[in-house]
Each structure stands twice: as structure tokens, then as C-alpha cells.
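**Student:** Compact mmCIF, C-alpha atoms, file work-v6.txt:
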# COMPACT_ATOMS: atom_id res chain seq x y z
CA MET A 1 156.42 52.30 100.70
CA SER A 2 155.87 55.25 98.42
CA GLN A 3 158.42 56.17 95.74
CA GLU A 4 157.73 59.86 96.29
CA ILE A 5 160.21 61.93 98.29
CA LEU A 6 158.82 64.16 101.02
CA SER A 7 160.42 67.55 101.64
CA ILE A 8 159.20 70.00 104.27
CA ALA A 9 159.90 73.72 104.51
CA ILE A 10 158.90 75.91 107.45
CA PHE A 11 158.91 79.65 106.78
CA GLU A 12 157.43 83.05 107.52
CA LEU A 13 156.27 85.64 105.02
CA LEU A 14 158.33 88.82 105.18
CA PRO A 15 156.44 91.92 106.35
CA GLY A 16 155.01 93.82 103.41
CA LYS A 17 155.62 90.89 101.06
CA GLU A 18 152.70 88.68 102.08
CA GLN A 19 150.63 88.96 98.90
CA GLU A 20 153.65 88.69 96.62
CA ALA A 21 154.91 85.62 98.49
CA LEU A 22 151.56 83.83 98.27
CA ALA A 23 151.32 84.65 94.55
CA THR A 24 154.83 83.28 93.99
CA LEU A 25 153.99 80.14 95.95
CA ARG A 26 150.88 79.61 93.82
CA GLU A 27 152.91 80.09 90.65
CA LEU A 28 155.62 77.71 91.85
CA LYS A 29 153.05 75.08 92.77
CA SER A 30 151.48 75.39 89.33
CA VAL A 31 154.83 75.05 87.53
CA LEU A 32 155.95 72.09 89.61
CA GLU A 33 152.66 70.23 89.25
CA SER A 34 152.09 70.96 85.56
CA SER A 35 155.65 69.82 84.79
CA GLY A 36 155.10 66.61 86.75
CA TYR A 37 157.85 67.33 89.28
CA SER A 38 155.89 67.31 92.52
CA ARG A 39 152.68 68.02 94.38
CA ASP A 40 152.48 70.55 97.21
CA SER A 41 150.31 71.23 100.23
CA LEU A 42 150.61 74.44 102.24
CA PHE A 43 149.55 74.86 105.85
CA ARG A 44 149.61 77.88 108.18
CA ASP A 45 149.97 77.92 111.94
CA PRO A 46 147.83 80.91 112.96
CA GLU A 47 149.35 81.09 116.44
CA ASN A 48 152.81 82.06 115.25
CA ASN A 49 152.03 82.91 111.59
CA GLN A 50 154.42 80.29 110.26
CA TYR A 51 153.81 78.27 107.13
CA VAL A 52 154.60 74.61 106.52
CA LEU A 53 155.01 73.44 102.94
CA LEU A 54 154.83 69.71 102.24
CA ARG A 55 156.30 68.84 98.86
CA TYR A 56 156.07 65.32 97.47
CA TRP A 57 158.67 64.99 94.71
CA LYS A 58 157.75 62.37 92.12
CA SER A 59 161.35 61.07 92.15
CA ASP A 60 164.97 62.09 92.61
CA GLN A 61 165.14 62.72 88.86
CA ALA A 62 162.08 64.98 89.01
CA ARG A 63 163.73 67.00 91.77
CA ARG A 64 166.96 67.33 89.75
CA ASP A 65 164.98 68.37 86.67
CA ALA A 66 163.08 71.00 88.67
CA GLN A 67 166.34 72.46 89.99
CA GLU A 68 167.42 73.08 86.38
CA ASP A 69 164.07 74.42 85.15
CA PRO A 70 164.30 78.20 84.53
CA LYS A 71 160.65 78.76 85.53
CA VAL A 72 161.23 77.05 88.87
CA GLN A 73 164.50 78.90 89.43
CA ARG A 74 162.78 82.27 88.87
CA CYS A 75 160.13 81.44 91.48
CA TRP A 76 162.72 80.29 94.02
CA ALA A 77 164.75 83.46 93.40
CA ARG A 78 161.69 85.66 94.06
CA LEU A 79 160.81 83.71 97.19
CA GLY A 80 164.26 84.49 98.56
CA HIS A 81 163.08 88.11 98.86
CA GLU A 82 159.55 87.31 100.09
CA ILE A 83 159.94 84.70 102.82
CA GLN A 84 162.26 83.84 105.69
CA THR A 85 163.02 80.14 105.74
CA LEU A 86 163.19 78.74 109.26
CA LYS A 87 163.81 75.03 108.63
CA VAL A 88 164.03 72.72 105.62
CA TYR A 89 163.95 68.94 105.53
CA GLU A 90 165.18 68.08 102.04
CA ARG A 91 164.41 64.40 102.18
CA LEU A 92 162.27 62.52 104.64
CA GLU A 93 161.89 58.81 104.19
CA GLU A 94 158.78 56.91 105.11
CA ALA A 95 159.26 54.81 108.23
CA GLU A 96 157.45 51.55 108.72
CA LEU A 97 155.22 51.21 111.74
Would you mind writing the file's structure down as C-alpha cells?
**Tutor:**
Amino acid sequence: MSQEILSIAIFELLPGKEQEALATLRELKSVLESSGYSRDSLFRDPENNQYVLLRYWKSDQARRDAQEDPKVQRCWARLGHEIQTLKVYERLEEAEL
């Protein structure tokens, strides 16, 4: 089993904020990855224009460190005005098959 922690966020971009939201998401991804906190993958469902963000946190400690990082906090604060969050799964554990 992987030591990474999977988080999933499902959201929509707010009308008129699409370009800003995508720029903020790119910046956030860059900060999180360059700081070694996580790796992200973003997907879009074209039928309902919803986005699904898969975030693989390196560890619980990395997630805690990211929550205290001012650069990360600034991105999350901006996103609060650029997206509408529909559902968040903070921690999904890998299940054995």
C-alpha cells in the first residue's frame, strides 16, 4: 500500500472567474509540488463542466506543513472567490482487492 494520502475535490469554476481560477490552480500546484507537499492531477467533466482534482499528499506531515505555508494559504484564499466546491474527500485510503 502507498504511503501517500489521496484527497479529492469536485468543484465548478465561478462564472467570469474561469481564467483566474485556472491560473490560481496552476500556481497552487506549482507551490505544492516544488515544496514537496503533494502532486496533483486535474480532470474536467465536459458534460456538466465540473472539475475533479486528485491530490496525493506525500504524508500527513506534508499536509500539515502545507496548511501552514503562507504561499499555499494565499492560493486557497483566492480559490475561495474563484470556484464553488461541491464535494471534498479529505482522506481516502487505498483498499486491497
**Student:** My list of candidates is A:Leu97, A:Cys75, A:Leu14, A:Leu86. Which is closest to Glu27 in chain A when distances are computed with all atoms listed in the file?
**Tutor:** A:Cys75
**Student:** Which residues, written as a PyMOL selection string, have at least one atom at most 12 Å from Gly16 in chain A, with all atoms listed in the file counted and residues fewer than 6 positions away on the same chain left out?
**Tutor:** chain A and resi 22+81-83
**Student:** Taking all atoms listed in the file into account, which of A:Pro15, A:Leu92, A:Lys29, A:Glu4 comes nearest Lys58 in chain A?
**Tutor:**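 Of A:Pro15, A:Leu92, A:Lys29, A:Glu4, the one nearest Lys58 in chain A is A:Glu4, counting all atoms listed in the file.
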**Student:** Nearest to Val88 in chain A among A:Leu32, A:Ala21, A:Leu13, A:Val52, with distances taken over all atoms listed in the file: which residue is it?
**Tutor:**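 The answer is A:Val52, which sits nearest to Val88 in chain A.
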**Student:** I'd like to know which of A:Leu28, A:Lys87, A:Tyr51, A:Glu96 is closest to Pro70 in chain A, using all atoms listed in the file.
**Tutor:**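 Closest residue, counting all atoms listed in the file: A:Leu28.
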**Student:** Can you tell me, as a compact mmCIF listing (two decimals) with C-alpha atoms, keeping the file's coordinate frame, what residues are no more than 12 Å from Ser35 in chain A when counting only C-alpha atoms, ignoring any on the same chain fewer than 5 positions away?
**Tutor:**
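Now in around.txt:
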# COMPACT_ATOMS: atom_id res chain seq x y z
CA LEU A 28 155.62 77.71 91.85
CA LYS A 29 153.05 75.08 92.77
CA SER A 30 151.48 75.39 89.33
CA TRP A 57 158.67 64.99 94.71
CA LYS A 58 157.75 62.37 92.12
CA ALA A 62 162.08 64.98 89.01
CA ARG A 63 163.73 67.00 91.77
CA ASP A 65 164.98 68.37 86.67
CA ALA A 66 163.08 71.00 88.67
CA ASP A 69 164.07 74.42 85.15
CA LYS A 71 160.65 78.76 85.53
CA VAL A 72 161.23 77.05 88.87
**Student:** Could you please determine the separation between CA of Gly80 in chain A and CA of Glu20 in chain A in Å, to one decimal place?
**Tutor:** 11.6 Å
**Student:** Between A:Leu79, A:Arg55, A:Gln50, A:Asp45, single out the one closest to Glu33 in chain A, counting only C-alpha atoms.
**Tutor:**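 Using only C-alpha atoms, the shortest distance to Glu33 in chain A belongs to A:Arg55.
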**Student:** Since fewer atoms than expected are present, regenerate N, CA, C and O atoms for range 70-82 of chain A and write them as a PDB file, in the coordinates of the input.
**Tutor:**
ATOM      1  N   PRO A  70     164.247  76.742  84.351  1.00  0.00           N
ATOM      2  CA  PRO A  70     164.300  78.200  84.530  1.00  0.00           C
ATOM      3  C   PRO A  70     163.055  78.791  85.187  1.00  0.00           C
ATOM      4  O   PRO A  70     163.160  79.753  85.951  1.00  0.00           O
ATOM      5  N   LYS A  71     161.886  78.236  84.905  1.00  0.00           N
ATOM      6  CA  LYS A  71     160.650  78.760  85.530  1.00  0.00           C
ATOM      7  C   LYS A  71     160.675  78.533  87.033  1.00  0.00           C
ATOM      8  O   LYS A  71     160.282  79.404  87.815  1.00  0.00           O
ATOM      9  N   VAL A  72     161.138  77.373  87.444  1.00  0.00           N
ATOM     10  CA  VAL A  72     161.230  77.050  88.870  1.00  0.00           C
ATOM     11  C   VAL A  72     162.292  77.927  89.527  1.00  0.00           C
ATOM     12  O   VAL A  72     162.067  78.483  90.617  1.00  0.00           O
ATOM     13  N   GLN A  73     163.432  78.071  88.881  1.00  0.00           N
ATOM     14  CA  GLN A  73     164.500  78.900  89.430  1.00  0.00           C
ATOM     15  C   GLN A  73     164.051  80.338  89.650  1.00  0.00           C
ATOM     16  O   GLN A  73     164.398  80.960  90.660  1.00  0.00           O
ATOM     17  N   ARG A  74     163.272  80.889  88.715  1.00  0.00           N
ATOM     18  CA  ARG A  74     162.780  82.270  88.870  1.00  0.00           C
ATOM     19  C   ARG A  74     161.877  82.386  90.099  1.00  0.00           C
ATOM     20  O   ARG A  74     161.974  83.360  90.852  1.00  0.00           O
ATOM     21  N   CYS A  75     161.005  81.407  90.301  1.00  0.00           N
ATOM     22  CA  CYS A  75     160.130  81.440  91.480  1.00  0.00           C
ATOM     23  C   CYS A  75     160.943  81.351  92.765  1.00  0.00           C
ATOM     24  O   CYS A  75     160.705  82.111  93.715  1.00  0.00           O
ATOM     25  N   TRP A  76     161.899  80.423  92.817  1.00  0.00           N
ATOM     26  CA  TRP A  76     162.720  80.290  94.020  1.00  0.00           C
ATOM     27  C   TRP A  76     163.520  81.561  94.279  1.00  0.00           C
ATOM     28  O   TRP A  76     163.669  81.971  95.437  1.00  0.00           O
ATOM     29  N   ALA A  77     164.009  82.206  93.225  1.00  0.00           N
ATOM     30  CA  ALA A  77     164.750  83.460  93.400  1.00  0.00           C
ATOM     31  C   ALA A  77     163.858  84.540  93.998  1.00  0.00           C
ATOM     32  O   ALA A  77     164.282  85.275  94.907  1.00  0.00           O
ATOM     33  N   ARG A  78     162.627  84.666  93.502  1.00  0.00           N
ATOM     34  CA  ARG A  78     161.690  85.660  94.060  1.00  0.00           C
ATOM     35  C   ARG A  78     161.370  85.356  95.513  1.00  0.00           C
ATOM     36  O   ARG A  78     161.321  86.265  96.353  1.00  0.00           O
ATOM     37  N   LEU A  79     161.141  84.082  95.810  1.00  0.00           N
ATOM     38  CA  LEU A  79     160.810  83.710  97.190  1.00  0.00           C
ATOM     39  C   LEU A  79     161.910  84.086  98.167  1.00  0.00           C
ATOM     40  O   LEU A  79     161.637  84.386  99.328  1.00  0.00           O
ATOM     41  N   GLY A  80     163.140  84.097  97.704  1.00  0.00           N
ATOM     42  CA  GLY A  80     164.260  84.490  98.560  1.00  0.00           C
ATOM     43  C   GLY A  80     164.135  85.906  99.094  1.00  0.00           C
ATOM     44  O   GLY A  80     164.754  86.253 100.098  1.00  0.00           O
ATOM     45  N   HIS A  81     163.310  86.723  98.436  1.00  0.00           N
ATOM     46  CA  HIS A  81     163.080  88.110  98.860  1.00  0.00           C
ATOM     47  C   HIS A  81     161.709  88.297  99.502  1.00  0.00           C
ATOM     48  O   HIS A  81     161.365  89.418  99.881  1.00  0.00           O
ATOM     49  N   GLU A  82     160.937  87.208  99.610  1.00  0.00           N
ATOM     50  CA  GLU A  82     159.550  87.310 100.090  1.00  0.00           C
ATOM     51  C   GLU A  82     159.266  86.497 101.348  1.00  0.00           C
ATOM     52  O   GLU A  82     158.272  86.737 102.020  1.00  0.00           O
TER      53      GLU A  82
END
